[in-house]
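Coordinates from input30.cif are shown below (mmCIF, C-alpha atoms).
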```cif
data_my_file
loop_
_atom_site.label_atom_id
_atom_site.label_comp_id
_atom_site.auth_asym_id
_atom_site.auth_seq_id
_atom_site.Cartn_x
_atom_site.Cartn_y
_atom_site.Cartn_z
CA MET H 1 123.22 75.91 39.18
CA ALA H 2 121.41 73.86 41.83
CA ARG H 3 122.77 70.50 42.97
CA HIS H 4 120.72 67.67 44.48
CA THR H 5 122.17 64.64 46.24
CA VAL H 6 120.28 61.36 46.55
CA ILE H 7 121.60 58.44 48.59
CA VAL H 8 120.12 55.09 47.60
CA GLU H 9 118.48 53.72 50.72
CA PRO H 10 119.24 50.28 52.22
CA GLY H 11 116.91 47.59 50.93
CA THR H 12 116.31 49.33 47.61
CA PRO H 13 115.90 46.66 44.91
CA PRO H 14 118.03 46.94 41.73
CA GLU H 15 116.50 49.43 39.29
CA ARG H 16 117.46 51.50 36.25
CA LEU H 17 118.97 54.85 37.20
CA ASP H 18 116.56 57.00 35.19
CA ARG H 19 113.49 55.22 36.58
CA TYR H 20 114.76 55.40 40.15
CA LEU H 21 115.67 59.09 40.01
CA ALA H 22 112.49 60.03 38.14
CA ARG H 23 110.54 58.63 41.09
CA ARG H 24 112.74 60.18 43.78
CA LEU H 25 112.86 63.57 42.05
CA ARG H 26 109.32 63.63 40.69
CA ASP H 27 108.76 67.13 42.14
CA LEU H 28 111.90 68.41 40.45
CA CYS H 29 111.81 67.08 36.90
CA SER H 30 110.20 64.71 34.44
CA ARG H 31 111.86 61.46 33.36
CA THR H 32 112.46 62.89 29.88
CA GLN H 33 114.14 65.95 31.35
CA LEU H 34 116.21 63.75 33.65
CA GLN H 35 117.36 61.63 30.71
CA ARG H 36 118.61 64.78 28.98
CA TRP H 37 120.61 65.70 32.07
CA ILE H 38 122.10 62.21 32.24
CA ALA H 39 123.10 62.41 28.55
CA ASP H 40 124.72 65.79 29.23
CA GLY H 41 126.79 64.33 32.09
CA ARG H 42 124.93 66.23 34.79
CA VAL H 43 124.17 63.08 36.83
CA LEU H 44 126.97 61.36 38.74
CA GLY H 45 127.05 58.03 40.53
CA ASP H 46 129.59 58.02 43.35
CA GLY H 47 131.30 60.98 41.69
CA ARG H 48 131.47 59.60 38.15
CA PRO H 49 129.21 60.07 35.11
CA ILE H 50 126.63 57.33 34.90
CA ALA H 51 124.39 55.98 32.15
CA ALA H 52 120.59 56.06 32.24
CA ARG H 53 120.47 52.26 32.00
CA ALA H 54 122.91 51.76 34.89
CA THR H 55 121.56 49.86 37.89
CA VAL H 56 121.34 51.65 41.23
CA ARG H 57 122.19 49.77 44.40
CA PRO H 58 121.91 50.56 48.11
CA GLY H 59 124.51 52.98 49.40
CA MET H 60 125.20 54.71 46.07
CA THR H 61 125.44 58.51 46.13
CA LEU H 62 123.76 60.13 43.14
CA THR H 63 124.42 63.78 42.37
CA VAL H 64 122.18 65.73 39.99
CA GLU H 65 123.20 69.15 38.67
CA VAL H 66 120.13 71.09 37.60
CA PRO H 67 120.85 73.65 34.87
CA PRO H 68 119.08 77.01 34.89
CA PRO H 69 115.88 77.24 32.81
CA ALA H 70 116.63 77.48 29.10
CA PRO H 71 115.69 80.83 27.58
CA MET H 72 112.78 80.82 25.16
CA THR H 73 114.86 81.52 22.10
CA GLY H 74 114.01 80.70 18.52
CA VAL H 75 110.24 80.66 19.08
CA THR H 76 108.37 83.91 18.67
CA ALA H 77 104.81 84.90 19.40
CA ASP H 78 102.28 84.66 16.58
CA PRO H 79 99.02 86.48 17.33
CA ALA H 80 97.54 85.03 14.12
CA VAL H 81 97.18 81.68 15.92
CA SER H 82 93.88 81.97 17.76
CA LEU H 83 93.30 80.05 20.99
CA ASP H 84 90.06 78.51 22.22
CA ILE H 85 90.69 78.80 25.97
CA LEU H 86 88.41 76.67 28.13
CA PHE H 87 89.97 77.69 31.46
CA GLU H 88 92.88 79.75 32.77
CA ASP H 89 94.26 80.66 36.17
CA ALA H 90 97.64 81.54 37.67
CA ALA H 91 99.01 78.01 37.22
CA LEU H 92 97.67 76.61 33.96
CA ILE H 93 95.72 77.06 30.74
CA VAL H 94 93.27 74.55 29.28
CA VAL H 95 92.71 74.88 25.54
CA ASN H 96 90.53 73.22 22.93
CA LYS H 97 92.98 72.50 20.11
CA PRO H 98 91.44 72.41 16.63
CA ALA H 99 92.25 69.69 14.12
CA GLY H 100 95.00 70.71 11.73
CA LEU H 101 96.99 72.74 14.27
CA VAL H 102 100.50 71.47 15.02
CA VAL H 103 101.31 71.66 18.73
CA HIS H 104 104.97 72.74 18.67
CA PRO H 105 107.65 73.82 16.17
CA GLY H 106 109.43 71.09 14.23
CA ALA H 107 110.48 70.06 10.75
CA GLY H 108 108.21 71.84 8.30
CA HIS H 109 106.44 73.77 11.04
CA ALA H 110 108.62 76.72 12.00
CA THR H 111 105.63 79.01 12.59
CA GLY H 112 101.90 78.88 13.17
CA THR H 113 101.85 76.24 15.93
CA LEU H 114 99.95 76.15 19.20
CA VAL H 115 103.15 77.19 20.99
CA HIS H 116 103.39 80.33 18.86
CA GLY H 117 99.82 81.18 19.79
CA LEU H 118 100.47 80.54 23.48
CA LEU H 119 103.45 82.90 23.44
CA ALA H 120 101.25 85.58 21.91
CA HIS H 121 98.82 85.06 24.77
CA THR H 122 101.34 84.96 27.64
CA GLN H 123 105.07 84.76 28.30
CA GLN H 124 104.40 82.93 31.56
CA LEU H 125 104.96 79.34 30.47
CA SER H 126 106.95 76.49 32.01
CA SER H 127 110.44 75.69 30.73
CA VAL H 128 110.61 71.99 31.70
CA ALA H 129 110.01 70.67 28.16
CA GLY H 130 112.69 72.91 26.62
CA PRO H 131 112.75 76.19 24.69
CA ALA H 132 110.81 74.87 21.69
CA LYS H 133 107.96 73.50 23.82
CA PRO H 134 107.20 76.07 26.54
CA GLY H 135 104.29 75.03 28.71
CA LEU H 136 103.69 71.70 27.00
CA VAL H 137 103.00 68.89 29.47
CA HIS H 138 101.54 66.59 26.79
CA ARG H 139 100.48 66.84 23.16
CA LEU H 140 97.87 65.87 20.61
CA ASP H 141 98.54 64.85 17.02
CA LYS H 142 98.11 67.55 14.39
CA ASP H 143 94.84 66.11 13.09
CA THR H 144 93.37 65.34 16.53
CA SER H 145 91.25 68.00 18.21
CA GLY H 146 90.32 68.51 21.83
CA VAL H 147 91.41 69.29 25.38
CA MET H 148 95.01 70.06 26.29
CA VAL H 149 96.44 71.43 29.53
CA VAL H 150 99.40 73.86 29.46
CA ALA H 151 101.55 74.71 32.50
CA LYS H 152 102.49 78.29 33.32
CA ASP H 153 105.33 77.44 35.72
CA ASP H 154 107.76 74.60 36.29
CA ALA H 155 106.24 73.43 39.57
CA THR H 156 102.83 73.04 37.93
CA HIS H 157 104.44 71.31 34.95
CA ARG H 158 106.20 68.75 37.12
CA ALA H 159 103.08 68.07 39.18
CA LEU H 160 100.98 67.48 36.06
CA ALA H 161 103.71 65.38 34.42
CA ALA H 162 103.82 63.18 37.53
CA GLN H 163 100.07 62.57 37.23
CA PHE H 164 100.46 61.57 33.58
CA ALA H 165 103.33 59.24 34.54
CA ASP H 166 101.25 57.70 37.36
CA ARG H 167 98.31 57.22 34.95
CA THR H 168 95.96 59.14 37.22
CA VAL H 169 94.99 61.69 34.56
CA ARG H 170 91.50 60.91 33.26
CA ARG H 171 91.34 61.11 29.46
CA THR H 172 88.33 60.43 27.28
CA TYR H 173 88.35 60.50 23.47
CA ILE H 174 85.67 59.96 20.88
CA ALA H 175 86.29 58.58 17.40
CA VAL H 176 84.38 57.43 14.34
CA VAL H 177 85.83 54.16 13.04
CA ARG H 178 85.29 52.05 9.96
CA GLY H 179 82.89 49.15 10.15
CA ARG H 180 80.61 47.85 12.85
CA LEU H 181 82.22 46.96 16.16
CA ALA H 182 80.53 43.76 17.25
CA GLN H 183 81.18 44.12 20.98
CA GLY H 184 79.68 47.01 22.90
CA ARG H 185 82.85 47.45 24.95
CA GLY H 186 86.29 45.94 25.26
CA VAL H 187 89.99 46.34 26.06
CA ILE H 188 92.83 46.48 23.53
CA ASN H 189 96.06 45.36 25.19
CA ALA H 190 98.80 45.36 22.54
CA PRO H 191 102.39 46.62 23.04
CA LEU H 192 103.59 49.34 20.68
CA GLY H 193 106.92 50.31 19.13
CA ARG H 194 108.37 51.85 16.01
CA HIS H 195 107.40 50.28 12.70
CA PRO H 196 110.28 48.09 11.46
CA LYS H 197 110.27 49.65 7.98
CA ASP H 198 108.88 53.16 8.54
CA ARG H 199 110.32 55.06 11.50
CA GLN H 200 107.59 57.69 11.26
CA ARG H 201 104.93 55.10 12.09
CA VAL H 202 104.08 53.02 15.14
CA ALA H 203 103.13 49.35 15.03
CA VAL H 204 101.88 46.63 17.37
CA GLN H 205 104.81 44.53 18.55
CA PRO H 206 105.12 40.80 19.24
CA SER H 207 104.40 39.61 22.76
CA GLY H 208 107.23 40.50 25.11
CA GLN H 209 108.46 43.37 22.92
CA GLY H 210 107.57 47.04 22.66
CA ARG H 211 106.02 49.20 25.38
CA GLU H 212 102.85 48.34 27.22
CA ALA H 213 99.79 50.00 25.70
CA ILE H 214 96.20 49.57 26.89
CA THR H 215 93.03 51.16 25.51
CA ARG H 216 89.48 50.68 26.75
CA TYR H 217 86.61 51.36 24.37
CA ARG H 218 82.83 51.62 24.51
CA VAL H 219 80.45 51.84 21.55
CA LEU H 220 78.25 54.95 21.66
CA ALA H 221 76.36 54.58 18.40
CA ARG H 222 76.43 52.77 15.08
CA GLY H 223 75.81 54.09 11.60
CA PRO H 224 76.05 52.55 8.13
CA GLY H 225 79.60 51.25 7.76
CA MET H 226 80.89 53.10 10.83
CA THR H 227 80.82 53.16 14.63
CA LEU H 228 81.07 55.99 17.12
CA VAL H 229 83.26 54.92 20.05
CA GLU H 230 84.41 56.35 23.35
CA LEU H 231 88.07 55.63 24.11
CA THR H 232 89.82 55.64 27.47
CA PRO H 233 93.59 55.14 27.16
CA GLN H 234 95.25 53.61 30.21
CA THR H 235 98.69 54.44 28.81
CA GLY H 236 99.89 57.34 26.68
CA ARG H 237 101.96 55.97 23.80
CA THR H 238 102.55 57.81 20.54
CA HIS H 239 99.66 57.20 18.10
CA GLN H 240 98.23 54.67 20.58
CA LEU H 241 94.53 55.06 19.82
CA ARG H 242 95.04 55.22 16.07
CA VAL H 243 97.23 52.11 15.95
CA HIS H 244 95.11 50.12 18.39
CA LEU H 245 91.91 50.71 16.45
CA ALA H 246 93.60 49.86 13.15
CA HIS H 247 94.94 46.68 14.80
CA LEU H 248 91.39 45.84 15.85
CA GLY H 249 90.35 46.07 12.19
CA HIS H 250 88.42 49.32 12.64
CA PRO H 251 90.75 52.23 11.77
CA ILE H 252 89.70 55.80 12.51
CA ILE H 253 87.97 57.41 9.56
CA GLY H 254 90.08 60.20 8.08
CA ASP H 255 93.34 58.96 9.59
CA PRO H 256 95.94 59.68 6.89
CA THR H 257 98.47 57.17 8.24
CA TYR H 258 96.57 54.26 9.73
CA GLY H 259 93.09 54.69 8.30
CA GLY H 260 93.53 52.95 5.01
CA ARG H 261 92.21 54.02 1.60
CA PRO H 262 90.06 55.30 0.20
CA GLN H 263 88.59 57.75 2.72
CA PRO H 264 84.86 58.46 2.55
CA ALA H 265 83.89 61.42 0.39
CA GLY H 266 83.68 64.66 2.32
CA VAL H 267 85.95 63.64 5.18
CA ALA H 268 88.28 66.57 5.70
CA ARG H 269 89.88 65.56 8.99
CA GLN H 270 90.79 62.68 11.25
CA LEU H 271 87.70 61.82 13.29
CA LEU H 272 89.43 61.62 16.66
CA HIS H 273 88.67 64.12 19.41
CA ALA H 274 89.99 64.49 22.99
CA ALA H 275 86.65 65.15 24.65
CA LYS H 276 87.52 65.23 28.36
CA LEU H 277 90.59 65.73 30.54
CA GLY H 278 90.56 65.36 34.31
CA PHE H 279 93.33 65.75 36.88
CA VAL H 280 94.13 67.07 40.34
CA HIS H 281 94.83 70.80 40.18
CA PRO H 282 98.42 71.31 41.41
CA LEU H 283 97.58 74.50 43.32
CA THR H 284 94.20 73.74 44.87
CA GLY H 285 94.43 69.97 45.23
CA GLU H 286 90.91 69.70 43.81
CA SER H 287 89.88 67.15 41.20
CA VAL H 288 88.91 69.05 38.05
CA GLU H 289 87.61 68.00 34.64
CA PHE H 290 87.38 69.94 31.39
CA THR H 291 85.29 69.13 28.34
CA ALA H 292 85.79 70.22 24.73
CA PRO H 293 82.60 70.39 22.65
CA TRP H 294 82.21 67.78 19.93
CA PRO H 295 83.38 69.14 16.58
CA GLU H 296 80.80 69.57 13.82
CA ALA H 297 82.50 66.80 11.86
CA PHE H 298 81.20 64.23 14.36
CA SER H 299 77.53 65.11 14.10
CA SER H 300 77.06 66.20 10.48
CA ARG H 301 76.16 63.93 7.58
CA PRO H 302 77.38 61.71 6.05
CA PHE H 303 79.82 60.63 8.75
CA LEU H 304 77.30 59.75 11.44
CA PRO H 305 73.77 60.29 10.11
CA SER H 306 71.33 61.40 12.77
CA GLY H 307 68.09 60.60 10.99
CA LYS H 308 65.76 57.98 12.39
CA GLY H 309 66.88 54.46 11.55
CA HIS H 310 70.48 55.45 10.71
CA VAL H 311 72.03 55.42 14.16
CA ILE H 312 71.56 52.68 16.73
CA LEU H 313 72.48 53.76 20.22
CA ALA H 314 74.61 51.22 22.05
CA ASP H 315 73.38 49.43 25.12
#
```
Rewrite the coordinates I just gave you, this time as structure tokens.
Amino acid sequence: MARHTVIVEPGTPPERLDRYLARRLRDLCSRTQLQRWIADGRVLGDGRPIAARATVRPGMTLTVEVPPPAPMTGVTADPAVSLDILFEDAALIVVNKPAGLVVHPGAGHATGTLVHGLLAHTQQLSSVAGPAKPGLVHRLDKDTSGVMVVAKDDATHRALAAQFADRTVRRTYIAVVRGRLAQGRGVINAPLGRHPKDRQRVAVQPSGQGREAITRYRVLARGPGMTLVELTPQTGRTHQLRVHLAHLGHPIIGDPTYGGRPQPAGVARQLLHAAKLGFVHPLTGESVEFTAPWPEAFSSRPFLPSGKGHVILAD
């Protein structure tokens, strides 16, 4: 078991322990992983267990015990889960996840997830996210399709996670929403948190509450009763794009939770797609970008008719 010692430097302003250590140890672990270690008593402040919300002050000695990687137990390979691999090298895999595929095992999804398919493809996956989520640096909702990056080793995982935390990862989504967006582009800045009555849902919170959430959007085209939009999230909150668009009064068509009822006839999926993902490759230091082709659902009738006079391209 490795042990790391961090001495809080003179002049350091007061800050939460987990935030401070996540920044100091960004090459070692993610903030989520660090919070698990704190909860397990593996982080000491001046020799005593310390809480994640504790405030660090100059001169404090923080000791972090890093447990060995957890074995990949309980999750087995499933070759029946096919992978659409866009890119792969010694450090990472970039996949185009189809709509309807759950990313990792959980309640009601013990088999048949993306993780099961990844394990059938390779056993070389990072352990940072835990034994049930090997390789997973981020995730997409079950009914969202598109680009995902998967880490093959812990160093790559931590480097990618740091880029997500620093908001330097470039993410572009496309969606078909209800109604006609009047403005050609805009910014949705509305904090998010758990819904007060339904813990499975997310809701916009009053000013000063919730977590910061910012989404930029640009209209690509307009059809009868719907708009095709490009979305660029500046933050990465759970269900952010879906909740923000519903809050704007233009929910994503096909969204079973935030899209409202009834859904248009023939819509078999949520019309949200992660089209592009860009980041700095942890091994080469080069800026890379990967694109997932638009699904058929976005270009076929009746969702976004392509005949003359049906679609008006945005300025």
Handout entry: Hits of the PyMOL selection byres ((chain H and resi 268) around 12) in this structure, as a PyMOL selection string
Key = chain H and resi 99-100+143+253-256+263-267+269-271+296-298+302-303
Handout entry: Cut-off 7 Å around (127.9, 56.5, 43.5) with all atoms listed in the file: residues as a ChimeraX atom specification
Key = /H:44-47,60-62
Practice task
Take the PyMOL selection byres ((chain H and resi 30) around 8), apply it to the structure above, and return the hits as a list in words.
Solution key: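 On this input, the PyMOL selection byres ((chain H and resi 30) around 8) captures Ala22, Arg26, Leu28, Cys29, Arg31, Thr32, Gln33, Leu34, Val128, Arg158, Ala161 and Ala162 of chain H.
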Practice task
Name every residue that the PyMOL selection byres ((chain H and resi 178) around 8) selects in this structure, writing the answer as a PyMOL selection string with chains first and numbers rising.
Solution key: chain H and resi 176-177+179-180+225-227+250-253
Exercise for the section: Could you pull out every residue with an atom within 6 Å of (102.9, 43.7, 19.4), file coordinates, counting all atoms listed in the file, and send them as a PyMOL selection string? Expected result: chain H and resi 190-192+204-207
Practice task
Write out as an MDAnalysis selection string which residues come within 7 Å of segment 94-97 of chain H when counting only C-alpha atoms, dropping same-chain ones fewer than 3 positions away.
Solution key: chainID H and resid 83:88 145:150 292
Exercise for the section: Measuring atom to atom with only C-alpha atoms, identify which of H:Ile188, H:Val288, H:Leu125, H:Ala77 is nearest to Leu241 of chain H. Expected result: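 That would be H:Ile188, the residue with the smallest distance to Leu241 of chain H.
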Exercise for the section: Find the distance between atom CA of Arg185 of chain H and atom CA of Tyr217 of chain H and write it in Å to one decimal. Expected result: 5.5 Å
If I wrap all listed atoms of segment 154-164 of chain H in a box with edges along x, y and z and add 8 Å on each side, what are its centre and edge lengths in Å to one decimal, as JSON?
```
{"center_x": 103.9, "center_y": 68.1, "center_z": 36.6, "size_x": 23.7, "size_y": 29.0, "size_z": 22.0}
```
Handout entry: Atomic separation - atom CA of Val102 of chain H relative to atom CA of Pro79 of chain H, Å
Key = 15.3 Å
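Counting only C-alpha atoms, the residue from H:Ile7, H:Leu248, H:Val280, H:Ala120 that sits nearest to Val64 of chain H is H:Ile7.
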Fill in the blank from the handout: Expressed in Å, the length from atom CA of Ala132 of chain H to atom CA of Leu118 of chain H is 11.9 Å
Handout entry: Nearest to Arg171 of chain H by atom-to-atom distance, counting all atoms listed in the file, from H:Pro233, H:Gly117, H:Gly210, H:Pro196
Key =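 The closest residue to Arg171 of chain H is H:Pro233.
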